[in-house]
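The block underneath contains the structure these notes are about, expressed in structure tokens.
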Amino acid sequence: GFIEIMFKDSRMDDVWLVDFYAPWCGYCKKLEPVWQEVGAELSRSGSPVRVGKMDATAYSGMASEFGVRGYPTIKLLKGELAYNYKGPRTKDDVIEFANRVAGPAVRSLPSRQMFEHVLKRHSVLFLYVGGESPLKEKYTEVASELIVYTYFFSASEDVLPESVTLHELPSVLVFKDGTYFTYDEYEDGSLSSWVNRERFQSYLPIDGFTLYELGETGKLVAIAVTDEKDLTEQSSRDFQFGHMDGNDYINSLIMGEVSVPSIIILNTSNEQYFLPAEPVEDLQQLLQFFSSVLDGSAPAYGGDGFLQRIKRVAYDARSTVMSVFRSSPLLGCFLFGLPLGVISLMCYGICTAESEDDTELMKRDGFTDEEEDEGEEEEQQRLTAGAEDTGEEDEDAEKINQKSPSEKKVD
């Protein structure tokens, strides 16, 4: 059975495959039956890997210690190391990951028969050939880091078939697509970056997850957007080839529209993309298009500039709104109509309040038009009346001054 595990003190002695989940997470609930099958299969096969799950919301301290940032998160814990699983959440993929990572980072191939066996079993594998050396130390270090993605083996030169030619020893090779390539430190850069680039087959089905993983290779990704899966495989040192069923994901990625079928090249390092100027009708046109991308003559679209980021935010917001309205019009009206209505009422209330305040202030200060006119008329009347009174007083004073001396005497 499955139990909530608290293994902080004892986990160093075992290899654990742990599902960190949250009770409210829908994806975690979808993983639950797959996780039961993974546990049963590993137990039945005699694997040393112990399977468990942990409620990351209940044991948030331990989840934080292991760097859990989303749900569900699958990790294989081996000693001091914790390996993240980033592949598809299917039983076979998870089991293959567990068995690959639980074993030694570099597996030894003692015979040619064993080499031929693993070559048939794995679509991509790396092989170190030679004895002890600084290159082997580096190879082991890279294997410990990238074992989550692919397989690493070591062998002596006599294990290899005659068809494999080595120019020097020690050497590191990658076997894939029915052939092999040899690592060259001067041309290929660091061993880690070379392994990261070469861990994919030259041609593969591409989805959103694979495209995200390809972003770390630094290669240009040439995608055939089509409804058919049977396409001629090609290989290139500069391109990663693949096909994608349908155009929905690509349309959302470039915030545009591509027809089906069509060819698009993505530069995952700066989010630029390239489209052929004319429909590609033959191999020569296709090769010319690839060459124009490599020499810089093909126009680049998109990118990760400031304007593109603003466009992305607006596009994602619009897409979210449209998807809500398409799936549930009533819910969309409620989610977006209600806040807009509240904001409109608030704006109306603020504007109305300001208008009433201005009117009240004008009334208080006597600044309405009618009252101002009446005030001017009253002021004018007061001035007129004052002038008349002054005139009468002057006339009385003049009459007094005009009295005869005899009248003044009588007075």
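Ligands are numbered from 1 in the order shown, chains are lettered A, B, ... in the order of the structure tokens, and residues start at 1 in each chain.
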
| query | Where does DSSP see alpha helix (DSSP H) in segment 31-201 of chain A, if you list the residues as number ranges by chain? | reply | A: 31-44, 60-65, 91-102, 112-121, 134-146, 185-188, 191-198

Take the residues from that selection and write them out as a CSV table (one decimal), in the first residue's frame, keeping C-alpha atoms.
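See out-v4.csv below for the written result:
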```csv
chain,number,residue,atom,x,y,z
A,31,LEU,CA,-1.9,11.1,-11.5
A,32,GLU,CA,-3.2,9.0,-8.6
A,33,PRO,CA,-4.2,5.8,-10.6
A,34,VAL,CA,-0.9,6.0,-12.6
A,35,TRP,CA,1.0,6.3,-9.3
A,36,GLN,CA,-0.6,3.2,-7.9
A,37,GLU,CA,0.4,1.3,-11.1
A,38,VAL,CA,4.0,2.6,-10.8
A,39,GLY,CA,4.3,1.4,-7.3
A,40,ALA,CA,2.8,-2.0,-8.0
A,41,GLU,CA,5.1,-2.5,-11.1
A,42,LEU,CA,8.3,-1.5,-9.3
A,43,SER,CA,7.5,-3.7,-6.4
A,44,ARG,CA,6.6,-6.7,-8.6
A,60,SER,CA,5.4,22.2,3.7
A,61,GLY,CA,8.8,22.4,5.5
A,62,MET,CA,10.0,19.2,3.9
A,63,ALA,CA,8.5,20.1,0.5
A,64,SER,CA,10.4,23.4,0.7
A,65,GLU,CA,13.6,21.6,1.6
A,91,LYS,CA,3.4,4.6,-16.1
A,92,ASP,CA,6.1,3.4,-18.5
A,93,ASP,CA,7.9,6.8,-18.6
A,94,VAL,CA,8.0,7.2,-14.9
A,95,ILE,CA,9.2,3.6,-14.3
A,96,GLU,CA,12.0,4.0,-16.9
A,97,PHE,CA,13.1,7.2,-15.2
A,98,ALA,CA,13.1,5.5,-11.8
A,99,ASN,CA,15.2,2.5,-13.0
A,100,ARG,CA,17.6,4.7,-15.0
A,101,VAL,CA,18.3,7.2,-12.2
A,102,ALA,CA,18.3,4.7,-9.3
A,112,ARG,CA,30.1,-6.6,-27.5
A,113,GLN,CA,26.9,-8.6,-27.0
A,114,MET,CA,25.8,-6.3,-24.1
A,115,PHE,CA,26.7,-3.2,-26.2
A,116,GLU,CA,24.5,-4.4,-29.1
A,117,HIS,CA,21.7,-5.2,-26.7
A,118,VAL,CA,21.6,-1.7,-25.2
A,119,LEU,CA,22.0,-0.2,-28.7
A,120,LYS,CA,18.8,-1.9,-29.8
A,121,ARG,CA,17.0,-1.0,-26.6
A,134,PRO,CA,40.3,13.6,-16.6
A,135,LEU,CA,37.8,13.2,-19.5
A,136,LYS,CA,36.2,10.2,-17.7
A,137,GLU,CA,35.9,12.2,-14.5
A,138,LYS,CA,34.2,14.9,-16.4
A,139,TYR,CA,32.0,12.4,-18.1
A,140,THR,CA,30.9,10.8,-14.8
A,141,GLU,CA,30.1,14.3,-13.4
A,142,VAL,CA,28.0,15.1,-16.4
A,143,ALA,CA,26.2,11.8,-16.2
A,144,SER,CA,25.3,12.3,-12.6
A,145,GLU,CA,23.6,15.6,-13.6
A,146,LEU,CA,21.9,14.5,-16.8
A,185,GLU,CA,36.2,19.5,-27.2
A,186,TYR,CA,37.6,22.2,-29.5
A,187,GLU,CA,34.5,22.3,-31.8
A,188,ASP,CA,31.7,21.3,-29.5
A,191,LEU,CA,30.9,18.2,-22.6
A,192,SER,CA,27.8,19.1,-20.6
A,193,SER,CA,26.4,21.4,-23.3
A,194,TRP,CA,27.3,18.9,-26.0
A,195,VAL,CA,25.4,16.1,-24.2
A,196,ASN,CA,22.5,18.4,-23.7
A,197,ARG,CA,22.4,19.2,-27.4
A,198,GLU,CA,22.8,15.6,-28.6
```

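All residues in segment 94-211 of chain A with a DSSP state of strand (DSSP E), computed from the backbone, read Arg107, Ser108, Val124, Leu125, Phe126, Leu127, Tyr128, Val129, Tyr151, Phe152, Phe153, Ser154, Ala155, Ser171, Val172, Leu173, Val174, Phe175, Lys176, Thr179, Tyr180, Phe181, Thr182, Tyr203, Leu204 and Pro205 of chain A.
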
Using only C-alpha atoms, which residues sit within 10 Å of segment 175-184 of chain A once same-chain residues fewer than 2 positions away are excluded, as a compact mmCIF listing (two decimals) with all heavy atoms, in the first residue's frame?
```
# COMPACT_ATOMS: atom_id res chain seq x y z
N LEU A 119 22.17 -0.99 -27.48
CA LEU A 119 22.03 -0.16 -28.68
C LEU A 119 20.65 -0.37 -29.31
O LEU A 119 20.06 0.58 -29.83
CB LEU A 119 23.13 -0.51 -29.68
CG LEU A 119 23.36 0.47 -30.83
CD1 LEU A 119 23.73 1.84 -30.30
CD2 LEU A 119 24.45 -0.06 -31.77
N LYS A 120 20.14 -1.59 -29.26
CA LYS A 120 18.81 -1.86 -29.79
C LYS A 120 17.71 -1.35 -28.85
O LYS A 120 16.63 -0.99 -29.30
CB LYS A 120 18.63 -3.37 -29.99
CG LYS A 120 19.49 -3.95 -31.11
CD LYS A 120 19.29 -5.46 -31.21
CE LYS A 120 20.17 -6.06 -32.31
NZ LYS A 120 20.03 -7.53 -32.40
N HIS A 122 17.85 1.32 -26.64
CA HIS A 122 17.75 2.77 -26.42
C HIS A 122 17.93 3.53 -27.72
O HIS A 122 18.85 3.25 -28.50
CB HIS A 122 18.80 3.22 -25.40
CG HIS A 122 18.74 2.48 -24.10
ND1 HIS A 122 17.62 2.47 -23.31
CD2 HIS A 122 19.67 1.71 -23.45
CE1 HIS A 122 17.85 1.74 -22.22
NE2 HIS A 122 19.09 1.26 -22.29
N SER A 123 17.07 4.51 -27.94
CA SER A 123 17.16 5.32 -29.16
C SER A 123 18.33 6.28 -29.12
O SER A 123 18.87 6.66 -30.16
CB SER A 123 15.86 6.10 -29.36
OG SER A 123 15.58 6.93 -28.23
N VAL A 124 18.75 6.69 -27.92
CA VAL A 124 19.91 7.57 -27.75
C VAL A 124 20.71 7.07 -26.55
O VAL A 124 20.14 6.82 -25.48
CB VAL A 124 19.49 9.05 -27.52
CG1 VAL A 124 20.72 9.93 -27.32
CG2 VAL A 124 18.66 9.57 -28.68
N LEU A 125 22.02 6.93 -26.71
CA LEU A 125 22.86 6.59 -25.57
C LEU A 125 24.26 7.19 -25.76
O LEU A 125 24.72 7.38 -26.89
CB LEU A 125 22.95 5.08 -25.36
CG LEU A 125 23.65 4.22 -26.41
CD1 LEU A 125 25.15 4.11 -26.14
CD2 LEU A 125 23.02 2.81 -26.43
N PHE A 126 24.91 7.49 -24.64
CA PHE A 126 26.27 8.03 -24.66
C PHE A 126 27.23 6.96 -24.15
O PHE A 126 26.88 6.18 -23.26
CB PHE A 126 26.35 9.29 -23.79
CG PHE A 126 25.59 10.46 -24.36
CD1 PHE A 126 24.23 10.61 -24.10
CD2 PHE A 126 26.22 11.40 -25.16
CE1 PHE A 126 23.53 11.68 -24.64
CE2 PHE A 126 25.52 12.47 -25.70
CZ PHE A 126 24.17 12.60 -25.44
N LEU A 127 28.43 6.98 -24.72
CA LEU A 127 29.41 5.95 -24.38
C LEU A 127 30.79 6.57 -24.22
O LEU A 127 31.27 7.30 -25.10
CB LEU A 127 29.45 4.89 -25.48
CG LEU A 127 30.44 3.74 -25.28
CD1 LEU A 127 30.02 2.87 -24.10
CD2 LEU A 127 30.55 2.90 -26.55
N SER A 163 32.72 -1.27 -37.31
CA SER A 163 32.15 -0.13 -38.03
C SER A 163 32.35 1.19 -37.31
O SER A 163 32.21 2.27 -37.89
CB SER A 163 30.65 -0.35 -38.26
OG SER A 163 29.99 -0.54 -37.02
N VAL A 164 32.70 1.11 -36.02
CA VAL A 164 32.93 2.33 -35.23
C VAL A 164 34.42 2.64 -35.24
O VAL A 164 35.23 1.83 -34.78
CB VAL A 164 32.42 2.17 -33.78
CG1 VAL A 164 32.73 3.43 -32.97
CG2 VAL A 164 30.92 1.86 -33.78
N THR A 165 34.76 3.82 -35.76
CA THR A 165 36.17 4.23 -35.86
C THR A 165 36.47 5.33 -34.84
O THR A 165 35.78 6.35 -34.79
CB THR A 165 36.48 4.75 -37.28
OG1 THR A 165 36.16 3.74 -38.23
CG2 THR A 165 37.94 5.14 -37.40
N LEU A 166 37.50 5.11 -34.05
CA LEU A 166 37.93 6.10 -33.07
C LEU A 166 39.26 6.70 -33.50
O LEU A 166 40.20 5.98 -33.83
CB LEU A 166 38.07 5.45 -31.69
CG LEU A 166 36.79 4.87 -31.07
CD1 LEU A 166 37.12 4.23 -29.72
CD2 LEU A 166 35.72 5.93 -30.91
N HIS A 167 39.33 8.04 -33.50
CA HIS A 167 40.56 8.71 -33.89
C HIS A 167 41.54 8.82 -32.73
O HIS A 167 42.74 8.98 -32.94
CB HIS A 167 40.24 10.09 -34.44
CG HIS A 167 39.37 10.05 -35.68
ND1 HIS A 167 39.81 9.55 -36.88
CD2 HIS A 167 38.08 10.43 -35.88
CE1 HIS A 167 38.85 9.64 -37.78
NE2 HIS A 167 37.78 10.16 -37.20
N SER A 171 37.63 8.63 -25.70
CA SER A 171 36.64 9.35 -26.51
C SER A 171 35.26 9.20 -25.90
O SER A 171 34.98 8.23 -25.18
CB SER A 171 36.62 8.81 -27.94
OG SER A 171 37.78 9.16 -28.66
N VAL A 172 34.39 10.17 -26.22
CA VAL A 172 32.97 10.11 -25.83
C VAL A 172 32.15 10.13 -27.11
O VAL A 172 32.36 10.98 -27.98
CB VAL A 172 32.57 11.28 -24.92
CG1 VAL A 172 31.07 11.21 -24.61
CG2 VAL A 172 33.37 11.25 -23.62
N LEU A 173 31.23 9.20 -27.24
CA LEU A 173 30.41 9.10 -28.44
C LEU A 173 28.94 9.11 -28.07
O LEU A 173 28.56 8.72 -26.95
CB LEU A 173 30.71 7.80 -29.21
CG LEU A 173 32.14 7.55 -29.67
CD1 LEU A 173 32.93 6.79 -28.61
CD2 LEU A 173 32.14 6.74 -30.98
N TYR A 186 37.26 20.93 -28.90
CA TYR A 186 37.58 22.21 -29.53
C TYR A 186 36.42 22.74 -30.37
O TYR A 186 36.21 23.94 -30.47
CB TYR A 186 38.85 22.07 -30.39
CG TYR A 186 40.06 21.68 -29.58
CD1 TYR A 186 40.50 20.35 -29.56
CD2 TYR A 186 40.73 22.63 -28.81
CE1 TYR A 186 41.61 19.99 -28.80
CE2 TYR A 186 41.82 22.27 -28.05
CZ TYR A 186 42.26 20.95 -28.04
OH TYR A 186 43.35 20.60 -27.28
N GLU A 187 35.65 21.85 -30.97
CA GLU A 187 34.53 22.28 -31.82
C GLU A 187 33.20 22.32 -31.07
O GLU A 187 32.34 23.16 -31.37
CB GLU A 187 34.40 21.35 -33.03
CG GLU A 187 35.53 21.46 -34.03
CD GLU A 187 35.25 20.62 -35.27
OE1 GLU A 187 34.15 20.04 -35.36
OE2 GLU A 187 36.14 20.56 -36.13
N ASP A 188 33.03 21.44 -30.09
CA ASP A 188 31.72 21.28 -29.46
C ASP A 188 31.58 21.98 -28.12
O ASP A 188 30.50 21.96 -27.53
CB ASP A 188 31.43 19.78 -29.27
CG ASP A 188 31.39 19.04 -30.59
OD1 ASP A 188 30.85 19.61 -31.55
OD2 ASP A 188 31.90 17.90 -30.65
N GLY A 189 32.65 22.59 -27.62
CA GLY A 189 32.55 23.27 -26.34
C GLY A 189 32.56 22.31 -25.17
O GLY A 189 33.15 21.23 -25.24
N SER A 190 31.88 22.70 -24.09
CA SER A 190 31.89 21.87 -22.89
C SER A 190 31.15 20.56 -23.13
O SER A 190 30.21 20.48 -23.94
CB SER A 190 31.25 22.61 -21.72
OG SER A 190 29.84 22.71 -21.89
N LEU A 191 31.58 19.53 -22.42
CA LEU A 191 30.94 18.22 -22.56
C LEU A 191 29.48 18.27 -22.14
O LEU A 191 28.62 17.65 -22.77
CB LEU A 191 31.71 17.19 -21.72
CG LEU A 191 31.18 15.75 -21.76
CD1 LEU A 191 31.24 15.20 -23.19
CD2 LEU A 191 31.98 14.86 -20.81
N TRP A 194 27.37 19.80 -24.88
CA TRP A 194 27.30 18.89 -26.02
C TRP A 194 26.30 17.76 -25.76
O TRP A 194 25.48 17.44 -26.62
CB TRP A 194 28.68 18.32 -26.32
CG TRP A 194 28.72 17.35 -27.46
CD1 TRP A 194 28.68 17.65 -28.79
CD2 TRP A 194 28.80 15.92 -27.37
NE1 TRP A 194 28.73 16.49 -29.54
CE2 TRP A 194 28.80 15.42 -28.69
CE3 TRP A 194 28.87 15.03 -26.30
CZ2 TRP A 194 28.88 14.06 -28.96
CZ3 TRP A 194 28.94 13.67 -26.58
CH2 TRP A 194 28.94 13.20 -27.90
N VAL A 195 26.37 17.17 -24.58
CA VAL A 195 25.43 16.10 -24.22
C VAL A 195 24.00 16.64 -24.25
O VAL A 195 23.07 15.98 -24.73
CB VAL A 195 25.78 15.51 -22.85
CG1 VAL A 195 24.66 14.59 -22.35
CG2 VAL A 195 27.10 14.75 -22.90
N GLU A 198 22.86 16.85 -27.83
CA GLU A 198 22.78 15.60 -28.59
C GLU A 198 21.86 14.57 -27.98
O GLU A 198 21.71 13.47 -28.52
CB GLU A 198 24.19 15.00 -28.74
CG GLU A 198 25.17 15.88 -29.49
CD GLU A 198 24.76 16.13 -30.93
OE1 GLU A 198 24.01 15.29 -31.50
OE2 GLU A 198 25.14 17.17 -31.49
N ARG A 199 21.22 14.87 -26.87
CA ARG A 199 20.41 13.86 -26.20
C ARG A 199 19.06 13.61 -26.88
O ARG A 199 18.29 12.74 -26.46
CB ARG A 199 20.19 14.22 -24.73
CG ARG A 199 19.43 15.52 -24.48
CD ARG A 199 19.42 15.83 -22.99
NE ARG A 199 18.81 17.10 -22.66
CZ ARG A 199 17.51 17.27 -22.41
NH1 ARG A 199 16.70 16.23 -22.48
NH2 ARG A 199 17.04 18.46 -22.09
N PHE A 200 18.76 14.37 -27.93
CA PHE A 200 17.54 14.17 -28.69
C PHE A 200 17.85 13.49 -30.02
O PHE A 200 18.90 13.70 -30.60
CB PHE A 200 16.86 15.51 -28.99
CG PHE A 200 16.40 16.25 -27.77
CD1 PHE A 200 17.19 17.23 -27.20
CD2 PHE A 200 15.17 15.96 -27.19
CE1 PHE A 200 16.77 17.92 -26.09
CE2 PHE A 200 14.74 16.64 -26.07
CZ PHE A 200 15.55 17.63 -25.51
N GLN A 201 16.90 12.69 -30.49
CA GLN A 201 17.01 12.19 -31.85
C GLN A 201 16.91 13.36 -32.83
O GLN A 201 16.34 14.41 -32.51
CB GLN A 201 15.90 11.18 -32.13
CG GLN A 201 16.02 9.89 -31.35
CD GLN A 201 14.84 8.97 -31.61
OE1 GLN A 201 13.81 9.06 -30.95
NE2 GLN A 201 15.00 8.08 -32.57
N SER A 202 17.48 13.17 -34.02
CA SER A 202 17.48 14.27 -34.99
C SER A 202 16.08 14.63 -35.46
O SER A 202 15.82 15.76 -35.87
CB SER A 202 18.35 13.90 -36.20
OG SER A 202 19.69 13.77 -35.81
N TYR A 203 15.16 13.67 -35.42
CA TYR A 203 13.79 13.93 -35.84
C TYR A 203 12.85 13.29 -34.83
O TYR A 203 13.01 12.11 -34.49
CB TYR A 203 13.54 13.35 -37.23
CG TYR A 203 12.17 13.70 -37.78
CD1 TYR A 203 11.98 14.83 -38.55
CD2 TYR A 203 11.08 12.89 -37.50
CE1 TYR A 203 10.73 15.16 -39.03
CE2 TYR A 203 9.82 13.21 -37.98
CZ TYR A 203 9.65 14.34 -38.75
OH TYR A 203 8.42 14.67 -39.21
N GLU A 233 12.76 11.43 -42.46
CA GLU A 233 13.66 11.90 -41.42
C GLU A 233 14.92 12.51 -42.03
O GLU A 233 15.46 12.03 -43.00
CB GLU A 233 14.04 10.74 -40.49
CG GLU A 233 12.84 10.19 -39.75
CD GLU A 233 13.25 9.28 -38.62
OE1 GLU A 233 14.48 9.22 -38.35
OE2 GLU A 233 12.38 8.65 -38.03
N GLN A 234 15.35 13.61 -41.47
CA GLN A 234 16.57 14.27 -41.90
C GLN A 234 17.40 14.57 -40.66
O GLN A 234 16.90 14.58 -39.55
CB GLN A 234 16.24 15.56 -42.65
CG GLN A 234 15.32 15.36 -43.84
CD GLN A 234 14.99 16.69 -44.49
OE1 GLN A 234 15.86 17.42 -44.91
NE2 GLN A 234 13.72 16.97 -44.56
N SER A 235 18.67 14.83 -40.87
CA SER A 235 19.51 15.16 -39.73
C SER A 235 20.36 16.37 -40.08
O SER A 235 20.68 16.61 -41.23
CB SER A 235 20.42 13.99 -39.34
OG SER A 235 21.28 13.67 -40.41
```

| Which neighbours of Ser297 of chain A fall inside 12 Å, counting only C-alpha atoms, when residues of the same chain fewer than 4 positions from it are skipped, and could you give them as a VMD selection string? | chain A and resid 274 276 to 277 288 to 293

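Closest approach to Gly303 of chain A from the set A:Cys351, A:Thr320, A:Pro279, A:Met255 is made by A:Met255, with distances taken over only C-alpha atoms.
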
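Between atom CA of Lys86 of chain A and atom CA of Arg312 of chain A the separation is 25.2 Å.
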
| said: Using only C-alpha atoms, can you tell me which of A:Pro299, A:Leu286, A:Asp304, A:Val106 comes closest to Glu271 of chain A? | reply: A:Asp304
